[in-house]
Structures are given as structure tokens and as C-alpha cells.
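Asks: Mind looking over this structure? Questions follow.
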2 protein chains.
Amino acid sequence: MDMRKLVGRNFARLRQAKDLTQEQVAERSGLSQQYLSGLERGRRNPTIITLYELARALDVSHVELVLPPDEK
Amino acid sequence: MDMRKLVGRNFARLRQAKDLTQEQVAERSGLSQQYLSGLERGRRNPTIITLYELARALDVSHVELVLPPDEK
């Protein structure tokens, strides 16, 4: 499993479901919009602490960010 | 939430449930026993790729490693 793609896709899907832009999430999370763009393209390998910060910025559980497609 | 403690506790619990030593998991995962010891004490901040490798070494889903206590 490519964890970077999995988390990137989950993040992009949840962000869009909340009607948030990458810029808005960047502001909430303290992470840069460039980082979030790379994350959504599966190019980032966040730590578990960053994973938690990403989830908080979307107001979702960090567990949702790592769920495989067949467990949603 | 302290993600390092959460993942460390989940990892230790699941490893013990499988009757595996830190040394055995080190051999399976390619991570050092010192790393695993620090992880179980909540002192490590693994990336999502390392999280996946840790889960594979225990033959569990990576989701189990990040589940909060009240979602088990």
C-alpha cells in the first residue's frame, strides 16, 4: 500500500467535503499551502503528529485520514 | 492527544498479544530494537510509511496502530 497516496487522497476528499480550500487549511494548520498540495498529490510522508494536526484542521478524526478505501 | 504515546501503547499491546519480542519485530521490520523500545515509550514520531512497516511486522492493519482507546 502506498501510504502517501492513501493519506493524500483521503485528505483531499475530506477537505473538499468540508468545502475548504488548501489555503484555508494552511491557515488553520500552520502548514504551508505548498505542503498541502504535495500531500494531496501523494508526495509527502507526514509523521503521526502532522497527521493529527492535519485531521484537526479538517475537524475529523486522524483515523479517517489513514482508512483504506474498502474500510470507509 | 499525544500521538506518540497512543501509537507506542497500541504497538506494545499488539506486539505482546502476538507473543513477539521487540527483537523479533526488529528482525521482521528492519527497524532497530532501540527504535522499537523508544516507540513503545512514546518517544518516537514515525512517518506514515514507518507506521505501515510497523503494522506489517505485526501482521495487523496500520489503522489499529492509531486507534484511540475508546474506538477499540
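Just so we're on the same page: first chain in the C-alpha cells is A, next is B, and so on; residues restart at 1 for each chain, and ligands are numbered from 1 in the order they show up.
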Can you show chain A as a short mmCIF file (atom, residue, chain, number, x, y, z; two decimals) with C-alpha atoms, in the first residue's frame once it has been least-squares superposed onto chain B, using every C-alpha atom paired in order?
Replies:
data_model
loop_
_atom_site.label_atom_id
_atom_site.label_comp_id
_atom_site.auth_asym_id
_atom_site.auth_seq_id
_atom_site.Cartn_x
_atom_site.Cartn_y
_atom_site.Cartn_z
CA MET A 1 -3.88 13.77 22.01
CA ASP A 2 -0.29 12.59 22.29
CA MET A 3 0.09 10.58 19.10
CA ARG A 4 3.47 9.22 20.12
CA LYS A 5 2.07 7.71 23.30
CA LEU A 6 -1.04 6.44 21.51
CA VAL A 7 0.90 4.64 18.79
CA GLY A 8 3.50 3.40 21.27
CA ARG A 9 0.88 1.87 23.54
CA ASN A 10 -1.03 0.30 20.67
CA PHE A 11 2.15 -1.13 19.24
CA ALA A 12 3.26 -2.60 22.58
CA ARG A 13 -0.18 -4.11 23.23
CA LEU A 14 -0.48 -5.67 19.78
CA ARG A 15 3.10 -6.94 19.85
CA GLN A 16 2.53 -8.64 23.21
CA ALA A 17 -0.79 -10.07 22.04
CA LYS A 18 1.13 -11.75 19.21
CA ASP A 19 3.73 -13.10 21.65
CA LEU A 20 6.51 -11.32 19.82
CA THR A 21 9.61 -9.76 21.38
CA GLN A 22 10.94 -6.37 20.31
CA GLU A 23 13.92 -8.25 18.88
CA GLN A 24 11.67 -10.42 16.72
CA VAL A 25 9.79 -7.40 15.40
CA ALA A 26 13.09 -5.63 14.76
CA GLU A 27 14.21 -8.53 12.62
CA ARG A 28 10.96 -8.63 10.68
CA SER A 29 10.73 -4.88 10.14
CA GLY A 30 14.31 -3.85 9.57
CA LEU A 31 13.92 -1.28 12.36
CA SER A 32 16.27 -1.49 15.33
CA GLN A 33 15.25 -2.85 18.72
CA GLN A 34 16.32 0.52 20.18
CA TYR A 35 13.89 2.29 17.86
CA LEU A 36 11.06 -0.03 18.87
CA SER A 37 11.86 0.44 22.55
CA GLY A 38 11.67 4.22 22.14
CA LEU A 39 8.47 3.87 20.14
CA GLU A 40 6.78 1.86 22.90
CA ARG A 41 7.81 4.51 25.43
CA GLY A 42 6.12 7.21 23.35
CA ARG A 43 9.40 8.84 22.35
CA ARG A 44 9.19 8.37 18.57
CA ASN A 45 7.24 10.20 15.90
CA PRO A 46 7.09 7.72 13.00
CA THR A 47 6.05 8.72 9.50
CA ILE A 48 3.03 7.08 7.90
CA ILE A 49 5.34 4.85 5.85
CA THR A 50 7.08 3.62 9.02
CA LEU A 51 3.67 3.17 10.62
CA TYR A 52 2.74 0.84 7.77
CA GLU A 53 5.99 -1.12 8.13
CA LEU A 54 5.39 -1.47 11.87
CA ALA A 55 1.89 -2.80 11.22
CA ARG A 56 3.15 -5.27 8.62
CA ALA A 57 5.74 -6.61 11.03
CA LEU A 58 2.89 -7.38 13.47
CA ASP A 59 0.56 -8.61 10.72
CA VAL A 60 -2.12 -6.09 11.71
CA SER A 61 -3.73 -3.17 9.90
CA HIS A 62 -1.93 0.16 10.27
CA VAL A 63 -5.33 1.54 11.33
CA GLU A 64 -5.08 -0.47 14.56
CA LEU A 65 -1.90 1.36 15.50
CA VAL A 66 -3.62 4.75 15.52
CA LEU A 67 -6.96 3.83 17.09
CA PRO A 68 -7.75 5.84 20.23
CA PRO A 69 -8.60 3.75 23.33
CA ASP A 70 -12.34 4.44 23.06
CA GLU A 71 -12.56 3.16 19.48
CA LYS A 72 -11.10 -0.30 20.07
#
Asks: Could you pull out the alpha helix (DSSP H) residues of chain A, going by DSSP on the backbone, and write them as number ranges by chain?
Replies: A: 3-17, 22-29, 33-40, 48-58, 62-66
